[in-house]
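Enquirer: What follows is a structure written as structure tokens; I'll ask about it next.
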Amino acid sequence: MTEPTPQTATAGGPLVARTPEELRRALSGPGHVALVPTMGALHGGHRSLMRLARERADTVVVSVFVNPLQFGPDEDFDRYPRDLAADTALCAEEGVDVVFAPSVATMYPAPQMVTVDAGPMGERLEGASRPGHFTGVLTVVAKLLNLVRPDTAVFGEKDAQQIALVRRMVADLDVPVEIVGAPILRDPDGLASSSRNVYLSDAERRSALALSRALRAGREAAAGGPDAVRAAAHAVLDGAAGAAPPVVLDYLALVDAATFTEAAPGHRGDAVLAVAARVGSTRLIDNVSIPL
Ligand code: AMP
């Protein structure tokens, strides 16, 4: 019997696998496999992850899956931008071999009863603002790692707490995969590239630039220690709170890079200055690493 071939969206482009069976057939060959997990609406930031994957692997897999488990009931799951044809075309430009784009029913055929608990580190910052978010993230990442079985998985430092938690999951649960971090890609105006930036009006985007400005100000104050870093960043964000449209701060925190606990006054080592804020109806996050 002839095996059905996974659908190819672009001539010469990646194989598009919609089910675990199609994925398995696409990955039957030997060699180093690298996975880039995404929610689609791909942009330059995702491209940089694909390039790191391409440097390391014979086969690059990009997963495109808007994971309902990591969205709260009042979040943007329904309106999150989705365009698989555009995503597949971008993947073709980056020489990606396989796009894994399962449906929600394929990934979650029944209510998920067993999940990966992100622990206390998953309850701070993003986890405090978005209860259950990191359980959803780690659960889908565990499923994708089990489905693809990559040697390497590439994540962006844009989601600093996410990659720190993925590293912890892999260490604590002995998952046999190498985690590679990709630096944050920024648009020319300094705004961190994000699929959610399409929600911003021109005026909102101008206000949103305060996030990266605040992080830069914080980093420039590093010599003064943690409190000086926080004060410098807060000064920028306080100004932006009065802008039109305003930047509504969710959190600004200077944390230890590995544990995401607050950096104490005498903190030495790598820290992350992380910010989350709302501009209009769009929630944005950004961060910068600061050696202290
Ligand atoms: P997302 O599709 O937003 O879930 O992101 C998929 C992956 O791309 C995650 O590992 C993100 O951290 C990473 N990513 C998204 N935006 C950027 C960016 N501007 N720079 C670097 N990595 C990014």
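Chain labels follow the order of the structure tokens: the first chain is A, the next B, and so on; residue numbering restarts at 1 in every chain, and ligands are counted from 1 in their shown order.
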Residues of range 34-242 of chain A in helix (DSSP H, G or I) according to DSSP, as JSON, numbers by chain?

Expert: {"A": [44, 45, 46, 47, 48, 49, 50, 51, 52, 53, 54, 55, 56, 68, 69, 70, 84, 85, 86, 87, 88, 89, 90, 91, 92, 93, 104, 105, 106, 107, 120, 121, 122, 123, 126, 127, 128, 129, 133, 134, 135, 136, 137, 138, 139, 140, 141, 142, 143, 144, 145, 146, 147, 148, 157, 158, 159, 160, 161, 162, 163, 164, 165, 166, 167, 168, 169, 170, 171, 172, 195, 196, 197, 198, 199, 202, 203, 204, 205, 206, 207, 208, 209, 210, 211, 212, 213, 214, 215, 216, 217, 218, 219, 220, 222, 223, 224, 226, 227, 228, 229, 230, 231, 232, 233, 234, 235, 236, 237, 238, 239, 240, 241]}

Enquirer: Would you list the residues that come within 6 Å of ligand 1? Count only C-alpha atoms and all ligand atoms and give the answer as a list in words.

Expert: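 Checked against 6 Å with only C-alpha atoms and all ligand atoms; the hits are Pro37, Thr38, Met39, Gly40, Gly45, His46, Phe155, Gly156, Glu157, Lys158, Asp159, Ala182, Pro183, Ile184, Leu185, Arg186, Ala192, Ser193 and Ser194 of chain A.
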
Enquirer: What does the file look like for those residues with all heavy atoms, as a CSV table (one decimal), in the first residue's frame?

Expert:
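Printed below is again.csv as written:
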chain,number,residue,atom,x,y,z
A,37,PRO,N,9.8,25.6,18.2
A,37,PRO,CA,8.4,25.7,18.5
A,37,PRO,C,7.9,27.2,18.4
A,37,PRO,O,8.5,28.1,19.0
A,37,PRO,CB,8.3,25.3,20.0
A,37,PRO,CG,9.6,24.7,20.4
A,37,PRO,CD,10.6,25.4,19.5
A,38,THR,N,6.8,27.4,17.7
A,38,THR,CA,6.2,28.7,17.5
A,38,THR,C,4.7,28.6,17.6
A,38,THR,O,4.1,27.6,17.5
A,38,THR,CB,6.6,29.4,16.2
A,38,THR,OG1,5.7,28.9,15.2
A,38,THR,CG2,8.0,29.1,15.8
A,39,MET,N,4.1,29.8,17.7
A,39,MET,CA,2.6,29.9,17.5
A,39,MET,C,2.3,30.5,16.2
A,39,MET,O,1.1,31.0,16.0
A,39,MET,CB,2.0,30.7,18.7
A,39,MET,CG,2.3,30.1,20.0
A,39,MET,SD,1.1,30.6,21.3
A,39,MET,CE,1.4,32.3,21.4
A,40,GLY,N,3.3,30.6,15.2
A,40,GLY,CA,3.0,31.1,13.9
A,40,GLY,C,3.0,32.6,13.9
A,40,GLY,O,3.5,33.3,14.8
A,45,GLY,N,12.1,37.6,14.3
A,45,GLY,CA,12.6,37.0,15.5
A,45,GLY,C,12.5,35.4,15.3
A,45,GLY,O,13.5,34.8,15.7
A,46,HIS,N,11.5,34.9,14.7
A,46,HIS,CA,11.4,33.5,14.5
A,46,HIS,C,12.5,33.1,13.4
A,46,HIS,O,13.0,32.0,13.6
A,46,HIS,CB,10.0,33.1,13.9
A,46,HIS,CG,8.9,33.4,14.9
A,46,HIS,ND1,7.9,34.4,14.6
A,46,HIS,CD2,8.5,32.9,16.1
A,46,HIS,CE1,7.0,34.4,15.6
A,46,HIS,NE2,7.4,33.5,16.5
A,155,PHE,N,14.8,28.3,21.5
A,155,PHE,CA,13.8,29.2,22.1
A,155,PHE,C,14.4,30.6,22.1
A,155,PHE,O,15.6,30.8,22.2
A,155,PHE,CB,13.4,28.8,23.5
A,155,PHE,CG,12.7,27.5,23.6
A,155,PHE,CD1,13.3,26.3,23.5
A,155,PHE,CD2,11.3,27.5,23.6
A,155,PHE,CE1,12.6,25.1,23.6
A,155,PHE,CE2,10.6,26.3,23.7
A,155,PHE,CZ,11.3,25.1,23.7
A,156,GLY,N,13.5,31.6,22.1
A,156,GLY,CA,14.0,33.0,22.1
A,156,GLY,C,14.1,33.6,23.5
A,156,GLY,O,13.3,33.3,24.4
A,157,GLU,N,15.2,34.4,23.7
A,157,GLU,CA,15.3,35.1,25.0
A,157,GLU,C,14.2,36.2,25.2
A,157,GLU,O,14.1,36.7,26.2
A,157,GLU,CB,16.7,35.8,25.0
A,157,GLU,CG,17.9,34.8,24.9
A,157,GLU,CD,18.2,33.9,26.1
A,157,GLU,OE1,17.4,34.1,27.1
A,157,GLU,OE2,19.1,33.1,26.0
A,158,LYS,N,13.5,36.5,24.1
A,158,LYS,CA,12.4,37.4,24.2
A,158,LYS,C,11.4,37.0,25.4
A,158,LYS,O,10.9,37.8,26.1
A,158,LYS,CB,11.6,37.5,22.9
A,158,LYS,CG,10.2,38.0,22.9
A,158,LYS,CD,10.2,39.4,22.8
A,158,LYS,CE,8.8,40.1,22.7
A,158,LYS,NZ,7.6,39.3,22.9
A,159,ASP,N,11.2,35.7,25.4
A,159,ASP,CA,10.4,35.1,26.5
A,159,ASP,C,11.3,34.5,27.5
A,159,ASP,O,11.5,33.3,27.6
A,159,ASP,CB,9.4,34.1,25.9
A,159,ASP,CG,8.5,34.7,24.9
A,159,ASP,OD1,7.5,35.3,25.3
A,159,ASP,OD2,8.8,34.6,23.7
A,182,ALA,N,18.1,32.1,21.7
A,182,ALA,CA,18.4,33.0,20.6
A,182,ALA,C,18.2,34.4,21.2
A,182,ALA,O,17.2,34.7,21.8
A,182,ALA,CB,17.4,32.8,19.4
A,183,PRO,N,19.1,35.4,20.9
A,183,PRO,CA,19.0,36.7,21.4
A,183,PRO,C,17.7,37.4,20.9
A,183,PRO,O,17.2,37.0,19.8
A,183,PRO,CB,20.2,37.5,20.8
A,183,PRO,CG,21.1,36.4,20.2
A,183,PRO,CD,20.3,35.2,20.0
A,184,ILE,N,17.2,38.4,21.6
A,184,ILE,CA,16.0,39.1,21.2
A,184,ILE,C,16.3,39.9,19.9
A,184,ILE,O,17.2,40.7,19.8
A,184,ILE,CB,15.6,40.1,22.2
A,184,ILE,CG1,15.3,39.4,23.6
A,184,ILE,CG2,14.4,40.9,21.8
A,184,ILE,CD1,14.9,40.3,24.7
A,185,LEU,N,15.4,39.7,18.9
A,185,LEU,CA,15.5,40.5,17.7
A,185,LEU,C,14.5,41.7,17.9
A,185,LEU,O,13.4,41.5,18.3
A,185,LEU,CB,15.0,39.7,16.4
A,185,LEU,CG,15.3,40.5,15.2
A,185,LEU,CD1,16.7,40.3,14.6
A,185,LEU,CD2,14.2,40.3,14.1
A,186,ARG,N,15.0,42.9,17.5
A,186,ARG,CA,14.2,44.1,17.7
A,186,ARG,C,14.0,44.7,16.3
A,186,ARG,O,14.8,44.6,15.4
A,186,ARG,CB,15.0,45.1,18.6
A,186,ARG,CG,15.1,44.6,20.0
A,186,ARG,CD,15.9,45.6,20.9
A,186,ARG,NE,15.9,45.0,22.2
A,186,ARG,CZ,14.9,44.9,23.1
A,186,ARG,NH1,13.8,45.5,22.8
A,186,ARG,NH2,15.0,44.3,24.2
A,192,ALA,N,10.7,45.2,20.5
A,192,ALA,CA,11.0,43.7,20.3
A,192,ALA,C,10.0,43.2,19.3
A,192,ALA,O,8.8,43.4,19.5
A,192,ALA,CB,10.9,43.0,21.7
A,193,SER,N,10.5,42.5,18.3
A,193,SER,CA,9.6,41.9,17.3
A,193,SER,C,8.7,40.9,18.0
A,193,SER,O,9.1,40.2,18.8
A,193,SER,CB,10.4,41.2,16.2
A,193,SER,OG,11.4,42.0,15.7
A,194,SER,N,7.4,41.0,17.6
A,194,SER,CA,6.4,40.1,18.2
A,194,SER,C,5.2,39.9,17.3
A,194,SER,O,4.8,40.9,16.6
A,194,SER,CB,5.9,40.7,19.5
A,194,SER,OG,4.8,40.0,20.0

Enquirer: If we count only C-alpha atoms, what is near Ala53 in chain A at a cut-off of 8 Å, once residues fewer than 2 positions away on the same chain are taken out, given as a ChimeraX atom specification?

Expert: /A:34-36,49-51,55-57,60,152-154

Enquirer: Tell me which of A:Ala263, A:Asp238, A:Glu126, A:Val175 sits closest to Ala276 in chain A, counting only C-alpha atoms.

Expert: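 Using only C-alpha atoms, Ala276 in chain A sits closest to A:Glu126.
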
Enquirer: So how far away is CA of Leu284 in chain A from CA of Ala92 in chain A, in Å?

Expert: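 Between CA of Ala92 in chain A and CA of Leu284 in chain A the gap is 28.4 Å.
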
Enquirer: Between CA of Asp74 in chain A and CA of Ala277 in chain A, what distance in Å does the model show, to one decimal?

Expert: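 Pair CA of Asp74 in chain A / CA of Ala277 in chain A returns 16.0 Å.
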
Enquirer: Between A:Ala274, A:Ala232, A:Arg219, A:Tyr199, which is the closest to Pro291 in chain A once you count only C-alpha atoms?

Expert: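 Among A:Ala274, A:Ala232, A:Arg219, A:Tyr199, it is A:Arg219 that comes nearest to Pro291 in chain A.
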
Enquirer: What parts of range 95-201 of chain A does DSSP call strand (DSSP E or B)? I'd like the answer as a ChimeraX atom specification.

Expert: /A:98-100,152-156,178-182,186,192

Enquirer: Next, dump the selected residues to file, keeping only C-alpha atoms, as a PDB file, in the first residue's frame.

Expert:
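The resulting file, again.pdb, is reproduced below:
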ATOM      1  CA  VAL A  98       9.220  20.261   8.045  1.00  0.00           C
ATOM      2  CA  VAL A  99       6.398  22.468   9.327  1.00  0.00           C
ATOM      3  CA  PHE A 100       4.369  20.665  11.982  1.00  0.00           C
ATOM      4  CA  THR A 152      18.141  20.486  19.823  1.00  0.00           C
ATOM      5  CA  ALA A 153      15.259  22.868  20.513  1.00  0.00           C
ATOM      6  CA  VAL A 154      15.623  26.613  19.972  1.00  0.00           C
ATOM      7  CA  PHE A 155      13.783  29.225  22.058  1.00  0.00           C
ATOM      8  CA  GLY A 156      13.996  33.017  22.099  1.00  0.00           C
ATOM      9  CA  GLU A 178      19.826  20.503  24.094  1.00  0.00           C
ATOM     10  CA  ILE A 179      18.139  23.875  24.628  1.00  0.00           C
ATOM     11  CA  VAL A 180      19.576  26.770  22.617  1.00  0.00           C
ATOM     12  CA  GLY A 181      18.652  30.401  23.354  1.00  0.00           C
ATOM     13  CA  ALA A 182      18.389  33.035  20.619  1.00  0.00           C
ATOM     14  CA  ARG A 186      14.239  44.123  17.670  1.00  0.00           C
ATOM     15  CA  ALA A 192      11.029  43.734  20.329  1.00  0.00           C
TER      16      ALA A 192
END

Enquirer: For range 164-168 of chain A, find every residue with an atom within 7 Å (counting only C-alpha atoms), except residues of its own chain fewer than 3 positions away, and show them as a PDB file with N, CA and C atoms, in the first residue's frame.

Expert:
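Just written: result32.pdb:
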ATOM      1  N   LEU A 138       4.691  24.594  29.328  1.00  0.00           N
ATOM      2  CA  LEU A 138       5.555  23.426  29.533  1.00  0.00           C
ATOM      3  C   LEU A 138       4.871  22.146  29.059  1.00  0.00           C
ATOM      4  N   ALA A 160      11.976  35.401  28.311  1.00  0.00           N
ATOM      5  CA  ALA A 160      13.096  34.981  29.162  1.00  0.00           C
ATOM      6  C   ALA A 160      12.656  33.990  30.236  1.00  0.00           C
ATOM      7  N   GLN A 161      11.493  34.239  30.837  1.00  0.00           N
ATOM      8  CA  GLN A 161      11.039  33.325  31.888  1.00  0.00           C
ATOM      9  C   GLN A 161      10.657  31.972  31.280  1.00  0.00           C
ATOM     10  N   ALA A 171      16.142  19.919  32.654  1.00  0.00           N
ATOM     11  CA  ALA A 171      17.098  19.459  33.668  1.00  0.00           C
ATOM     12  C   ALA A 171      16.384  18.588  34.707  1.00  0.00           C
ATOM     13  N   ASP A 172      15.247  19.061  35.202  1.00  0.00           N
ATOM     14  CA  ASP A 172      14.599  18.373  36.324  1.00  0.00           C
ATOM     15  C   ASP A 172      13.942  17.063  35.898  1.00  0.00           C
ATOM     16  N   ILE A 179      18.928  22.647  24.804  1.00  0.00           N
ATOM     17  CA  ILE A 179      18.139  23.875  24.628  1.00  0.00           C
ATOM     18  C   ILE A 179      19.090  25.003  24.224  1.00  0.00           C
ATOM     19  N   ALA A 258      18.486  32.771  36.471  1.00  0.00           N
ATOM     20  CA  ALA A 258      18.191  31.333  36.488  1.00  0.00           C
ATOM     21  C   ALA A 258      16.929  31.007  37.270  1.00  0.00           C
TER      22      ALA A 258
END

Enquirer: Go through A:Ala86, A:Leu147, A:Ala105, A:Met121 and flag the residue nearest Leu27 in chain A, using only C-alpha atoms for the distances.

Expert: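 Among the listed residues, A:Leu147 lies closest to Leu27 in chain A.
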
Enquirer: I'd like the contact shell of Phe134 in chain A - 10 Å cut-off, only C-alpha atoms, skipping same-chain residues fewer than 4 positions apart - returned as a PyMOL selection string.

Expert: chain A and resi 69-71+116-119+121-123+126-127+130+138-140+161-162+165-166

Enquirer: Of the candidates A:Ile285, A:Leu125, A:Val248, A:Ala231, which one gets nearest to Phe260 in chain A if we count only C-alpha atoms?

Expert: A:Leu125

Enquirer: Considering only C-alpha atoms, state which residue in the set A:Gly95, A:Pro120, A:Pro68, A:Pro102 is at the smallest distance from Leu144 in chain A.

Expert: A:Pro102

Enquirer: Show me, as a list in words, the residues that have an atom within 9 Å of Val96 in chain A when counting only C-alpha atoms, minus same-chain residues fewer than 2 positions from it.

Expert: Gly13, Pro14, Leu15, Met50, Arg54, Thr59, Val60, Val61, Val62, Thr88, Leu90, Cys91, Ala92, Glu93, Glu94, Val98 and Val99 of chain A

Enquirer: Kindly give the distance, in Å, that separates CA of Gly269 in chain A and CA of Asp187 in chain A, rounded to a single decimal.

Expert: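 That distance, rounded to one decimal, is 28.3 Å.
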